[in-house]
file my_file_7.pdb (PDB, C-alpha atoms and all ligand atoms)
ATOM      1  CA  MET W   1      53.160 103.936 280.851  1.00  0.00           C
ATOM      2  CA  ILE W   2      53.697 102.790 277.256  1.00  0.00           C
ATOM      3  CA  LYS W   3      55.792 105.861 276.495  1.00  0.00           C
ATOM      4  CA  GLU W   4      58.013 105.267 279.565  1.00  0.00           C
ATOM      5  CA  ASN W   5      58.254 101.539 278.828  1.00  0.00           C
ATOM      6  CA  LEU W   6      59.392 102.299 275.284  1.00  0.00           C
ATOM      7  CA  GLU W   7      62.048 104.711 276.545  1.00  0.00           C
ATOM      8  CA  PHE W   8      63.311 102.002 278.891  1.00  0.00           C
ATOM      9  CA  VAL W   9      63.343  99.334 276.155  1.00  0.00           C
ATOM     10  CA  GLU W  10      65.018 101.718 273.698  1.00  0.00           C
ATOM     11  CA  LYS W  11      67.777 102.493 276.202  1.00  0.00           C
ATOM     12  CA  ARG W  12      68.403  98.792 276.799  1.00  0.00           C
ATOM     13  CA  ILE W  13      68.480  98.088 273.070  1.00  0.00           C
ATOM     14  CA  SER W  14      71.016 100.827 272.412  1.00  0.00           C
ATOM     15  CA  ASP W  15      73.147  99.733 275.379  1.00  0.00           C
ATOM     16  CA  ALA W  16      73.125  96.132 274.122  1.00  0.00           C
ATOM     17  CA  CYS W  17      74.142  97.355 270.657  1.00  0.00           C
ATOM     18  CA  LYS W  18      77.038  99.315 272.180  1.00  0.00           C
ATOM     19  CA  ARG W  19      78.216  96.305 274.186  1.00  0.00           C
ATOM     20  CA  ALA W  20      78.161  94.198 271.043  1.00  0.00           C
ATOM     21  CA  GLY W  21      79.840  96.842 268.873  1.00  0.00           C
ATOM     22  CA  ARG W  22      76.776  97.015 266.650  1.00  0.00           C
ATOM     23  CA  ASP W  23      75.062 100.016 265.145  1.00  0.00           C
ATOM     24  CA  ARG W  24      71.604 100.721 266.611  1.00  0.00           C
ATOM     25  CA  SER W  25      70.192 100.791 263.079  1.00  0.00           C
ATOM     26  CA  GLU W  26      70.942  97.052 262.680  1.00  0.00           C
ATOM     27  CA  VAL W  27      68.194  96.145 265.158  1.00  0.00           C
ATOM     28  CA  THR W  28      64.479  96.740 264.619  1.00  0.00           C
ATOM     29  CA  LEU W  29      62.114  96.670 267.575  1.00  0.00           C
ATOM     30  CA  ILE W  30      58.841  94.897 266.824  1.00  0.00           C
ATOM     31  CA  ALA W  31      56.182  96.016 269.305  1.00  0.00           C
ATOM     32  CA  VAL W  32      54.122  92.893 269.955  1.00  0.00           C
ATOM     33  CA  SER W  33      50.582  94.186 270.377  1.00  0.00           C
ATOM     34  CA  LYS W  34      48.660  90.882 270.459  1.00  0.00           C
ATOM     35  CA  THR W  35      45.598  90.991 272.745  1.00  0.00           C
ATOM     36  CA  LYS W  36      46.113  94.754 273.194  1.00  0.00           C
ATOM     37  CA  PRO W  37      43.607  97.379 272.009  1.00  0.00           C
ATOM     38  CA  VAL W  38      44.180  99.801 269.150  1.00  0.00           C
ATOM     39  CA  SER W  39      44.397 102.630 271.715  1.00  0.00           C
ATOM     40  CA  ASP W  40      47.624 101.026 273.024  1.00  0.00           C
ATOM     41  CA  ILE W  41      48.985 100.794 269.485  1.00  0.00           C
ATOM     42  CA  ARG W  42      48.218 104.489 268.998  1.00  0.00           C
ATOM     43  CA  GLN W  43      50.160 105.341 272.154  1.00  0.00           C
ATOM     44  CA  ALA W  44      53.162 103.424 270.831  1.00  0.00           C
ATOM     45  CA  MET W  45      52.776 105.257 267.506  1.00  0.00           C
ATOM     46  CA  GLU W  46      53.003 108.564 269.395  1.00  0.00           C
ATOM     47  CA  SER W  47      56.435 107.416 270.555  1.00  0.00           C
ATOM     48  CA  GLY W  48      57.417 106.796 266.943  1.00  0.00           C
ATOM     49  CA  ILE W  49      56.829 103.029 266.709  1.00  0.00           C
ATOM     50  CA  ARG W  50      55.696 101.870 263.257  1.00  0.00           C
ATOM     51  CA  VAL W  51      56.488  98.132 263.398  1.00  0.00           C
ATOM     52  CA  PHE W  52      54.023  95.816 265.151  1.00  0.00           C
ATOM     53  CA  GLY W  53      53.805  92.068 265.664  1.00  0.00           C
ATOM     54  CA  GLU W  54      50.701  89.947 266.044  1.00  0.00           C
ATOM     55  CA  ASN W  55      50.165  86.192 266.297  1.00  0.00           C
ATOM     56  CA  LYS W  56      46.575  85.835 265.039  1.00  0.00           C
ATOM     57  CA  VAL W  57      45.444  86.470 261.484  1.00  0.00           C
ATOM     58  CA  GLN W  58      42.024  87.806 262.480  1.00  0.00           C
ATOM     59  CA  GLU W  59      43.570  90.256 264.919  1.00  0.00           C
ATOM     60  CA  ILE W  60      46.010  91.585 262.296  1.00  0.00           C
ATOM     61  CA  ARG W  61      43.165  92.023 259.821  1.00  0.00           C
ATOM     62  CA  ASP W  62      41.005  93.903 262.329  1.00  0.00           C
ATOM     63  CA  LYS W  63      43.790  96.200 263.499  1.00  0.00           C
ATOM     64  CA  HIS W  64      45.067  96.770 259.956  1.00  0.00           C
ATOM     65  CA  ALA W  65      41.561  97.786 258.898  1.00  0.00           C
ATOM     66  CA  GLU W  66      41.096 100.121 261.836  1.00  0.00           C
ATOM     67  CA  ILE W  67      44.391 102.013 261.595  1.00  0.00           C
ATOM     68  CA  THR W  68      44.797 103.950 258.362  1.00  0.00           C
ATOM     69  CA  GLU W  69      48.353 105.187 258.955  1.00  0.00           C
ATOM     70  CA  PRO W  70      50.974 103.058 257.199  1.00  0.00           C
ATOM     71  CA  LEU W  71      52.407 100.530 259.652  1.00  0.00           C
ATOM     72  CA  GLU W  72      54.493  97.403 259.215  1.00  0.00           C
ATOM     73  CA  TRP W  73      52.632  94.340 260.449  1.00  0.00           C
ATOM     74  CA  HIS W  74      54.630  91.201 261.216  1.00  0.00           C
ATOM     75  CA  MET W  75      52.914  87.834 261.526  1.00  0.00           C
ATOM     76  CA  ILE W  76      54.964  86.233 264.294  1.00  0.00           C
ATOM     77  CA  GLY W  77      52.675  83.438 265.486  1.00  0.00           C
ATOM     78  CA  HIS W  78      51.902  79.929 264.315  1.00  0.00           C
ATOM     79  CA  LEU W  79      50.095  80.142 260.979  1.00  0.00           C
ATOM     80  CA  GLN W  80      47.571  77.707 259.560  1.00  0.00           C
ATOM     81  CA  ALA W  81      47.653  77.278 255.804  1.00  0.00           C
ATOM     82  CA  ASN W  82      43.931  78.010 255.445  1.00  0.00           C
ATOM     83  CA  LYS W  83      44.459  81.542 256.845  1.00  0.00           C
ATOM     84  CA  VAL W  84      47.258  82.552 254.473  1.00  0.00           C
ATOM     85  CA  LYS W  85      44.809  83.933 251.921  1.00  0.00           C
ATOM     86  CA  TYR W  86      44.097  86.909 254.173  1.00  0.00           C
ATOM     87  CA  LEU W  87      47.717  88.031 254.434  1.00  0.00           C
ATOM     88  CA  PRO W  88      48.873  89.374 251.020  1.00  0.00           C
ATOM     89  CA  GLY W  89      48.907  93.163 251.108  1.00  0.00           C
ATOM     90  CA  ILE W  90      48.516  93.201 254.883  1.00  0.00           C
ATOM     91  CA  VAL W  91      51.658  91.738 256.397  1.00  0.00           C
ATOM     92  CA  CYS W  92      55.185  92.773 255.536  1.00  0.00           C
ATOM     93  CA  MET W  93      56.812  89.608 256.909  1.00  0.00           C
ATOM     94  CA  ILE W  94      55.813  86.115 258.063  1.00  0.00           C
ATOM     95  CA  HIS W  95      58.138  84.841 260.825  1.00  0.00           C
ATOM     96  CA  SER W  96      56.718  81.371 261.302  1.00  0.00           C
ATOM     97  CA  VAL W  97      57.256  79.221 258.207  1.00  0.00           C
ATOM     98  CA  ASP W  98      58.010  75.711 259.439  1.00  0.00           C
ATOM     99  CA  ASN W  99      56.431  73.254 257.017  1.00  0.00           C
ATOM    100  CA  GLU W 100      56.167  72.666 253.308  1.00  0.00           C
ATOM    101  CA  LYS W 101      52.380  72.794 253.144  1.00  0.00           C
ATOM    102  CA  LEU W 102      52.422  76.297 254.602  1.00  0.00           C
ATOM    103  CA  ALA W 103      55.199  77.407 252.256  1.00  0.00           C
ATOM    104  CA  LEU W 104      53.259  76.112 249.246  1.00  0.00           C
ATOM    105  CA  GLU W 105      50.123  77.948 250.342  1.00  0.00           C
ATOM    106  CA  ILE W 106      52.087  81.203 250.794  1.00  0.00           C
ATOM    107  CA  GLU W 107      53.462  80.682 247.286  1.00  0.00           C
ATOM    108  CA  LYS W 108      49.954  80.152 245.926  1.00  0.00           C
ATOM    109  CA  GLN W 109      48.287  83.104 247.640  1.00  0.00           C
ATOM    110  CA  PHE W 110      51.066  85.644 247.129  1.00  0.00           C
ATOM    111  CA  SER W 111      51.475  84.629 243.509  1.00  0.00           C
ATOM    112  CA  LYS W 112      47.733  85.191 242.999  1.00  0.00           C
ATOM    113  CA  ALA W 113      48.185  88.713 244.383  1.00  0.00           C
ATOM    114  CA  SER W 114      51.354  89.247 242.274  1.00  0.00           C
ATOM    115  CA  LEU W 115      53.316  89.815 245.482  1.00  0.00           C
ATOM    116  CA  VAL W 116      56.408  88.261 247.005  1.00  0.00           C
ATOM    117  CA  ALA W 117      56.243  87.316 250.694  1.00  0.00           C
ATOM    118  CA  ASP W 118      59.230  88.075 252.915  1.00  0.00           C
ATOM    119  CA  VAL W 119      59.457  85.050 255.203  1.00  0.00           C
ATOM    120  CA  LEU W 120      61.531  83.653 258.046  1.00  0.00           C
ATOM    121  CA  ILE W 121      61.961  79.997 258.885  1.00  0.00           C
ATOM    122  CA  GLU W 122      60.966  79.225 262.476  1.00  0.00           C
ATOM    123  CA  VAL W 123      63.474  76.957 264.200  1.00  0.00           C
ATOM    124  CA  ASN W 124      62.832  75.183 267.513  1.00  0.00           C
ATOM    125  CA  MET W 125      66.354  75.589 268.857  1.00  0.00           C
ATOM    126  CA  ALA W 126      65.761  74.055 272.300  1.00  0.00           C
ATOM    127  CA  GLY W 127      63.728  71.115 270.963  1.00  0.00           C
ATOM    128  CA  GLU W 128      60.764  71.947 273.197  1.00  0.00           C
ATOM    129  CA  ASP W 129      57.699  69.767 272.546  1.00  0.00           C
ATOM    130  CA  THR W 130      55.391  72.699 273.233  1.00  0.00           C
ATOM    131  CA  LYS W 131      56.847  74.855 270.455  1.00  0.00           C
ATOM    132  CA  PHE W 132      56.428  74.988 266.709  1.00  0.00           C
ATOM    133  CA  GLY W 133      59.387  75.252 264.364  1.00  0.00           C
ATOM    134  CA  ILE W 134      61.609  72.845 262.509  1.00  0.00           C
ATOM    135  CA  ARG W 135      64.604  71.120 264.072  1.00  0.00           C
ATOM    136  CA  PRO W 136      67.952  72.863 263.482  1.00  0.00           C
ATOM    137  CA  ASP W 137      69.280  69.801 261.645  1.00  0.00           C
ATOM    138  CA  GLU W 138      66.358  69.925 259.195  1.00  0.00           C
ATOM    139  CA  ALA W 139      66.782  73.603 258.374  1.00  0.00           C
ATOM    140  CA  LEU W 140      69.216  73.389 255.470  1.00  0.00           C
ATOM    141  CA  ASP W 141      67.176  70.806 253.565  1.00  0.00           C
ATOM    142  CA  PHE W 142      63.948  72.654 254.283  1.00  0.00           C
ATOM    143  CA  VAL W 143      65.347  75.935 252.961  1.00  0.00           C
ATOM    144  CA  LYS W 144      66.635  74.104 249.875  1.00  0.00           C
ATOM    145  CA  SER W 145      63.273  72.543 249.195  1.00  0.00           C
ATOM    146  CA  ILE W 146      61.295  75.793 249.412  1.00  0.00           C
ATOM    147  CA  SER W 147      63.951  77.981 247.769  1.00  0.00           C
ATOM    148  CA  VAL W 148      62.454  77.171 244.369  1.00  0.00           C
ATOM    149  CA  LEU W 149      59.207  78.971 245.265  1.00  0.00           C
ATOM    150  CA  LYS W 150      59.236  82.248 243.344  1.00  0.00           C
ATOM    151  CA  HIS W 151      56.863  84.189 245.602  1.00  0.00           C
ATOM    152  CA  LEU W 152      58.748  83.525 248.826  1.00  0.00           C
ATOM    153  CA  ASN W 153      61.771  85.584 249.709  1.00  0.00           C
ATOM    154  CA  ILE W 154      63.531  83.658 252.474  1.00  0.00           C
ATOM    155  CA  ARG W 155      65.045  86.459 254.521  1.00  0.00           C
ATOM    156  CA  GLY W 156      66.286  84.546 257.549  1.00  0.00           C
ATOM    157  CA  LEU W 157      65.488  82.592 260.701  1.00  0.00           C
ATOM    158  CA  MET W 158      63.283  83.076 263.741  1.00  0.00           C
ATOM    159  CA  THR W 159      63.267  81.338 267.102  1.00  0.00           C
ATOM    160  CA  ILE W 160      61.284  81.477 270.329  1.00  0.00           C
ATOM    161  CA  ALA W 161      63.654  80.614 273.154  1.00  0.00           C
ATOM    162  CA  PRO W 162      62.468  78.840 276.313  1.00  0.00           C
ATOM    163  CA  TYR W 163      60.705  80.883 278.947  1.00  0.00           C
ATOM    164  CA  THR W 164      63.238  81.554 281.684  1.00  0.00           C
ATOM    165  CA  ASP W 165      64.169  83.910 284.506  1.00  0.00           C
ATOM    166  CA  ASP W 166      67.788  83.753 283.430  1.00  0.00           C
ATOM    167  CA  PRO W 167      68.290  85.300 279.969  1.00  0.00           C
ATOM    168  CA  GLU W 168      71.903  84.081 279.883  1.00  0.00           C
ATOM    169  CA  SER W 169      70.616  80.520 279.648  1.00  0.00           C
ATOM    170  CA  ASN W 170      69.151  81.370 276.217  1.00  0.00           C
ATOM    171  CA  ARG W 171      72.389  82.731 274.794  1.00  0.00           C
ATOM    172  CA  VAL W 172      73.310  79.295 273.448  1.00  0.00           C
ATOM    173  CA  TYR W 173      70.111  79.195 271.342  1.00  0.00           C
ATOM    174  CA  PHE W 174      70.592  82.690 269.926  1.00  0.00           C
ATOM    175  CA  LYS W 175      74.208  81.958 269.071  1.00  0.00           C
ATOM    176  CA  GLY W 176      73.070  78.668 267.554  1.00  0.00           C
ATOM    177  CA  LEU W 177      70.496  80.408 265.352  1.00  0.00           C
ATOM    178  CA  ARG W 178      73.116  82.863 264.062  1.00  0.00           C
ATOM    179  CA  GLU W 179      75.504  80.007 263.286  1.00  0.00           C
ATOM    180  CA  LEU W 180      72.719  78.106 261.552  1.00  0.00           C
ATOM    181  CA  LYS W 181      72.025  81.144 259.343  1.00  0.00           C
ATOM    182  CA  ASP W 182      75.723  81.360 258.470  1.00  0.00           C
ATOM    183  CA  ARG W 183      75.814  77.636 257.628  1.00  0.00           C
ATOM    184  CA  ILE W 184      72.788  77.914 255.363  1.00  0.00           C
ATOM    185  CA  ASN W 185      74.273  80.960 253.625  1.00  0.00           C
ATOM    186  CA  ALA W 186      77.518  79.021 253.139  1.00  0.00           C
ATOM    187  CA  GLY W 187      75.458  76.342 251.378  1.00  0.00           C
ATOM    188  CA  ASN W 188      75.027  78.776 248.439  1.00  0.00           C
ATOM    189  CA  ILE W 189      71.446  77.794 247.745  1.00  0.00           C
ATOM    190  CA  ASP W 190      70.220  79.485 244.569  1.00  0.00           C
ATOM    191  CA  GLY W 191      68.353  82.686 245.428  1.00  0.00           C
ATOM    192  CA  VAL W 192      68.940  82.406 249.194  1.00  0.00           C
ATOM    193  CA  GLN W 193      71.142  84.867 251.072  1.00  0.00           C
ATOM    194  CA  MET W 194      69.683  85.362 254.533  1.00  0.00           C
ATOM    195  CA  ASP W 195      70.277  88.605 256.448  1.00  0.00           C
ATOM    196  CA  THR W 196      67.630  88.464 259.176  1.00  0.00           C
ATOM    197  CA  LEU W 197      67.502  86.950 262.673  1.00  0.00           C
ATOM    198  CA  SER W 198      64.249  87.382 264.611  1.00  0.00           C
ATOM    199  CA  MET W 199      65.070  86.457 268.200  1.00  0.00           C
ATOM    200  CA  GLY W 200      64.661  87.862 271.690  1.00  0.00           C
ATOM    201  CA  MET W 201      61.519  88.786 273.645  1.00  0.00           C
ATOM    202  CA  THR W 202      60.881  90.803 276.823  1.00  0.00           C
ATOM    203  CA  GLY W 203      62.907  88.447 278.998  1.00  0.00           C
ATOM    204  CA  ASP W 204      65.954  88.041 276.807  1.00  0.00           C
ATOM    205  CA  TYR W 205      66.180  90.612 273.992  1.00  0.00           C
ATOM    206  CA  GLU W 206      69.457  92.127 275.190  1.00  0.00           C
ATOM    207  CA  VAL W 207      71.253  88.788 275.032  1.00  0.00           C
ATOM    208  CA  ALA W 208      69.679  88.188 271.608  1.00  0.00           C
ATOM    209  CA  ILE W 209      71.040  91.525 270.352  1.00  0.00           C
ATOM    210  CA  GLU W 210      74.497  90.635 271.653  1.00  0.00           C
ATOM    211  CA  GLU W 211      74.235  87.434 269.594  1.00  0.00           C
ATOM    212  CA  GLY W 212      73.154  89.146 266.386  1.00  0.00           C
ATOM    213  CA  ALA W 213      69.364  89.668 266.434  1.00  0.00           C
ATOM    214  CA  THR W 214      68.109  92.013 263.706  1.00  0.00           C
ATOM    215  CA  PHE W 215      64.497  91.891 264.959  1.00  0.00           C
ATOM    216  CA  VAL W 216      63.552  91.715 268.628  1.00  0.00           C
ATOM    217  CA  ARG W 217      59.891  91.024 269.462  1.00  0.00           C
ATOM    218  CA  VAL W 218      58.875  92.774 272.677  1.00  0.00           C
ATOM    219  CA  GLY W 219      55.326  92.670 274.018  1.00  0.00           C
ATOM    220  CA  THR W 220      55.047  92.667 277.815  1.00  0.00           C
ATOM    221  CA  GLY W 221      57.991  95.042 278.217  1.00  0.00           C
ATOM    222  CA  ILE W 222      56.109  97.680 276.212  1.00  0.00           C
ATOM    223  CA  PHE W 223      52.394  97.052 276.761  1.00  0.00           C
ATOM    224  CA  GLY W 224      52.381  95.238 280.130  1.00  0.00           C
ATOM    225  CA  GLU W 225      50.955  91.831 280.985  1.00  0.00           C
ATOM    226  CA  ARG W 226      48.460  90.326 278.549  1.00  0.00           C
ATOM    227  CA  ASN W 227      44.944  89.274 279.424  1.00  0.00           C
ATOM    228  CA  TYR W 228      43.928  86.584 276.965  1.00  0.00           C
ATOM    229  CA  SER W 229      40.249  86.886 277.823  1.00  0.00           C
ATOM    230  CA  ASN W 230      40.274  90.171 275.821  1.00  0.00           C
ATOM    231  CA  ILE W 231      40.420  88.141 272.639  1.00  0.00           C
ATOM    232  CA  LYS W 232      37.494  86.389 271.049  1.00  0.00           C
TER     233      LYS W 232
HETATM  234  C1  LIG G 301      53.865  87.061 272.383  1.00  0.00           C
HETATM  235  C2  LIG G 301      55.093  86.881 271.567  1.00  0.00           C
HETATM  236  C3  LIG G 301      56.229  87.698 271.776  1.00  0.00           C
HETATM  237  C4  LIG G 301      56.325  88.755 272.842  1.00  0.00           C
HETATM  238  O1  LIG G 301      56.477  88.173 274.092  1.00  0.00           O
HETATM  239  P1  LIG G 301      56.809  89.036 275.407  1.00  0.00           P
HETATM  240  O2  LIG G 301      57.420  88.069 276.341  1.00  0.00           O
HETATM  241  O3  LIG G 301      55.507  89.586 275.893  1.00  0.00           O
HETATM  242  O4  LIG G 301      57.741  90.120 275.004  1.00  0.00           O
HETATM  243  C5  LIG G 301      57.310  87.488 270.937  1.00  0.00           C
HETATM  244  N1  LIG G 301      57.306  86.554 269.970  1.00  0.00           N
HETATM  245  C6  LIG G 301      56.236  85.780 269.741  1.00  0.00           C
HETATM  246  C7  LIG G 301      56.290  84.767 268.659  1.00  0.00           C
HETATM  247  C8  LIG G 301      55.105  85.909 270.530  1.00  0.00           C
HETATM  248  O5  LIG G 301      54.046  85.113 270.290  1.00  0.00           O
END
call {"tool": "encode", "arguments": {"input": "my_file_7.pdb", "output": "structure tokens"}}
result
Amino acid sequence: MIKENLEFVEKRISDACKRAGRDRSEVTLIAVSKTKPVSDIRQAMESGIRVFGENKVQEIRDKHAEITEPLEWHMIGHLQANKVKYLPGIVCMIHSVDNEKLALEIEKQFSKASLVADVLIEVNMAGEDTKFGIRPDEALDFVKSISVLKHLNIRGLMTIAPYTDDPESNRVYFKGLRELKDRINAGNIDGVQMDTLSMGMTGDYEVAIEEGATFVRVGTGIFGERNYSNIK
């Protein structure tokens, strides 16, 4: 099933790129493998997938240790500062930076490892109480304040749009995130030129691509429904 699901997702990604007049190479599919076993990841690898997303530090560490082939692991979930120390050398990007304490801890831990962390700022575009992320109107000042950190490379913005049956209703948030990126870039903050937009999940990735997504994060559409009791 994973192979067929990936073919279906790939077709929809390339169709969305065509509609938007974008090159397929501008969009990277992150296969969100949280709660799923390594055997599922291996099936996706057989279809050529090398980029995976997880939302728990322990799960990334376990899967990273078990799979020896070089993969790109993206930390896409809420991150507690006390877990950052496990990430240098394991993750290639952190999508969920939304507070100064976390940014400072990433600076500390990646500097210790003589590495620079590629990070995205998580923005709560719809203002949902249940979601993490900074408010859009705080984003410029937040980026300014953490732009001085030498071991963070601020690559762009990430958002999790509301859960909905109607993907069109999320277009406004994806468009808003792209415009926010452009506004921050126009602010000419020293060392900050963002090129990355992580937006769109199983329910709405095509609309996100039409609005400029460079990463889409697709879990259910590839691996099927999740069963959270699989995870300790
Ligand atoms: C779980 C998760 C996804 C994938 O969600 P699906 O609806 O299963 O595609 C994407 N982004 C984040 C941050 C997630 O936690």
call {"tool": "residues_around", "arguments": {"input": "my_file_7.pdb", "residues": "Glu59 in chain W", "least_positions_apart": "4", "cutoff": "10 Å", "atoms": "all atoms listed in the file", "output": "short mmCIF file (atom, residue, chain, number, x, y, z; two decimals) with C-alpha atoms, in the coordinates of the input"}}
result
data_model
loop_
_atom_site.label_atom_id
_atom_site.label_comp_id
_atom_site.auth_asym_id
_atom_site.auth_seq_id
_atom_site.Cartn_x
_atom_site.Cartn_y
_atom_site.Cartn_z
CA SER W 33 50.58 94.19 270.38
CA LYS W 34 48.66 90.88 270.46
CA THR W 35 45.60 90.99 272.74
CA LYS W 36 46.11 94.75 273.19
CA GLU W 54 50.70 89.95 266.04
CA ASN W 55 50.16 86.19 266.30
CA LYS W 63 43.79 96.20 263.50
CA HIS W 64 45.07 96.77 259.96
CA ALA W 65 41.56 97.79 258.90
CA ILE W 231 40.42 88.14 272.64
CA LYS W 232 37.49 86.39 271.05
#
call {"tool": "residues_around", "arguments": {"input": "my_file_7.pdb", "residues": "range 188-203 of chain W", "least_positions_apart": "4", "cutoff": "9 Å", "atoms": "only C-alpha atoms", "output": "MDAnalysis selection string"}}
result
chainID W and resid 9 95 120 143:144 147:148 153:161 163:167 174 177:178 181:182 184 207:209 212:222
call {"tool": "axis_aligned_box", "arguments": {"input": "my_file_7.pdb", "around": "ligand LIG 301 (chain G)", "padding_each_side": "5 Å", "output": "lines of an AutoDock Vina configuration file"}}
result
center_x = 55.8
center_y = 87.4
center_z = 272.5
size_x = 13.9
size_y = 15.4
size_z = 17.7
call {"tool": "closest_residue", "arguments": {"input": "my_file_7.pdb", "among": "W:His78, W:Arg24, W:Lys83, W:Lys101", "to": "ligand LIG 301 (chain G)", "atoms": "all atoms listed in the file"}}
result
W:His78
call {"tool": "closest_residue", "arguments": {"input": "my_file_7.pdb", "among": "W:Arg226, W:Lys150, W:Arg12, W:Lys3", "to": "ligand LIG 301 (chain G)", "atoms": "only C-alpha atoms and all ligand atoms"}}
result
W:Arg226
call {"tool": "resolve_selection", "arguments": {"input": "my_file_7.pdb", "expression": "the PyMOL selection byres (((chain W and resi 118) around 6) and not hetatm)", "output": "VMD selection string"}}
result
chain W and resid 93 117 119 153
call {"tool": "closest_residue", "arguments": {"input": "my_file_7.pdb", "among": "W:Ile67, W:Gly224, W:Arg61, W:Arg50", "to": "Ile2 in chain W", "atoms": "all atoms listed in the file"}}
result
W:Gly224
call {"tool": "closest_residue", "arguments": {"input": "my_file_7.pdb", "among": "W:Tyr86, W:Phe223, W:Phe110, W:Tyr205", "to": "Asn5 in chain W", "atoms": "all atoms listed in the file"}}
result
W:Phe223
call {"tool": "atom_distance", "arguments": {"input": "my_file_7.pdb", "atom1": "CA of Val51 in chain W", "atom2": "CA of Leu29 in chain W"}}
result
7.2 Å
call {"tool": "atom_distance", "arguments": {"input": "my_file_7.pdb", "atom1": "CA of Leu140 in chain W", "atom2": "CA of Ala103 in chain W"}}
result
14.9 Å
call {"tool": "residues_around", "arguments": {"input": "my_file_7.pdb", "residues": "Leu87 in chain W", "least_positions_apart": "4", "cutoff": "9 Å", "atoms": "only C-alpha atoms", "output": "ChimeraX atom specification"}}
result
/W:57,60-61,75,83,91-92,106,109-110
call {"tool": "atom_distance", "arguments": {"input": "my_file_7.pdb", "atom1": "CA of Thr68 in chain W", "atom2": "atom O2 of ligand LIG 301 (chain G)"}}
result
27.1 Å
call {"tool": "residues_around", "arguments": {"input": "my_file_7.pdb", "residues": "Leu104 in chain W", "least_positions_apart": "5", "cutoff": "12 Å", "atoms": "only C-alpha atoms", "output": "ChimeraX atom specification"}}
result
/W:80-82,84-85,97-99,109-111,117,145-152
call {"tool": "residues_near_point", "arguments": {"input": "my_file_7.pdb", "point": "(74.6, 94.7, 272.8)", "cutoff": "8 Å", "atoms": "all atoms listed in the file", "output": "list of chain:residue names"}}
result
W:Ile13, W:Ser14, W:Asp15, W:Ala16, W:Cys17, W:Lys18, W:Arg19, W:Ala20, W:Gly21, W:Arg22, W:Glu206, W:Val207, W:Ile209, W:Glu210, W:Glu211
call {"tool": "write_last_selection", "arguments": {"input": "my_file_7.pdb", "atoms": "C-alpha atoms", "output": "PDB file, in the coordinates of the input"}}
result
ATOM      1  CA  ILE W  13      68.480  98.088 273.070  1.00  0.00           C
ATOM      2  CA  SER W  14      71.016 100.827 272.412  1.00  0.00           C
ATOM      3  CA  ASP W  15      73.147  99.733 275.379  1.00  0.00           C
ATOM      4  CA  ALA W  16      73.125  96.132 274.122  1.00  0.00           C
ATOM      5  CA  CYS W  17      74.142  97.355 270.657  1.00  0.00           C
ATOM      6  CA  LYS W  18      77.038  99.315 272.180  1.00  0.00           C
ATOM      7  CA  ARG W  19      78.216  96.305 274.186  1.00  0.00           C
ATOM      8  CA  ALA W  20      78.161  94.198 271.043  1.00  0.00           C
ATOM      9  CA  GLY W  21      79.840  96.842 268.873  1.00  0.00           C
ATOM     10  CA  ARG W  22      76.776  97.015 266.650  1.00  0.00           C
ATOM     11  CA  GLU W 206      69.457  92.127 275.190  1.00  0.00           C
ATOM     12  CA  VAL W 207      71.253  88.788 275.032  1.00  0.00           C
ATOM     13  CA  ILE W 209      71.040  91.525 270.352  1.00  0.00           C
ATOM     14  CA  GLU W 210      74.497  90.635 271.653  1.00  0.00           C
ATOM     15  CA  GLU W 211      74.235  87.434 269.594  1.00  0.00           C
TER      16      GLU W 211
END
call {"tool": "resolve_selection", "arguments": {"input": "my_file_7.pdb", "expression": "the PyMOL selection byres (((chain W and resi 47) around 9) and not hetatm)", "output": "NGL selection string"}}
result
:W and (2-3 or 6-7 or 42-46 or 48-49)
call {"tool": "closest_residue", "arguments": {"input": "my_file_7.pdb", "among": "W:Asn185, W:Pro162, W:Leu180, W:Ser25", "to": "Asp129 in chain W", "atoms": "all atoms listed in the file"}}
result
W:Pro162
call {"tool": "closest_residue", "arguments": {"input": "my_file_7.pdb", "among": "W:Leu71, W:Met1, W:Ile30, W:Val38", "to": "ligand LIG 301 (chain G)", "atoms": "only C-alpha atoms and all ligand atoms"}}
result
W:Ile30
call {"tool": "resolve_selection", "arguments": {"input": "my_file_7.pdb", "expression": "the PyMOL selection byres (((chain W and resi 135) around 9) and not hetatm)", "output": "PyMOL selection string"}}
result
chain W and resi 123-127+133-134+136-139
call {"tool": "decode", "arguments": {"input": "my_file_7.pdb", "residues": "range 8-12 of chain W", "atoms": "N, CA, C and O atoms", "output": "compact mmCIF listing (two decimals), in the first residue's frame"}}
result
# COMPACT_ATOMS: atom_id res chain seq x y z
N PHE W 8 0.45 7.88 -5.72
CA PHE W 8 -0.71 8.78 -5.74
C PHE W 8 -0.32 10.19 -5.26
O PHE W 8 -0.64 11.20 -5.91
N VAL W 9 0.41 10.24 -4.14
CA VAL W 9 0.84 11.54 -3.60
C VAL W 9 1.77 12.25 -4.60
O VAL W 9 1.64 13.44 -4.86
N GLU W 10 2.69 11.50 -5.17
CA GLU W 10 3.65 12.08 -6.12
C GLU W 10 2.91 12.70 -7.33
O GLU W 10 3.22 13.80 -7.77
N LYS W 11 1.91 11.99 -7.82
CA LYS W 11 1.13 12.49 -8.95
C LYS W 11 0.44 13.80 -8.58
O LYS W 11 0.42 14.77 -9.34
N ARG W 12 -0.13 13.83 -7.36
CA ARG W 12 -0.85 15.04 -6.95
C ARG W 12 0.12 16.19 -6.71
O ARG W 12 -0.22 17.35 -6.97
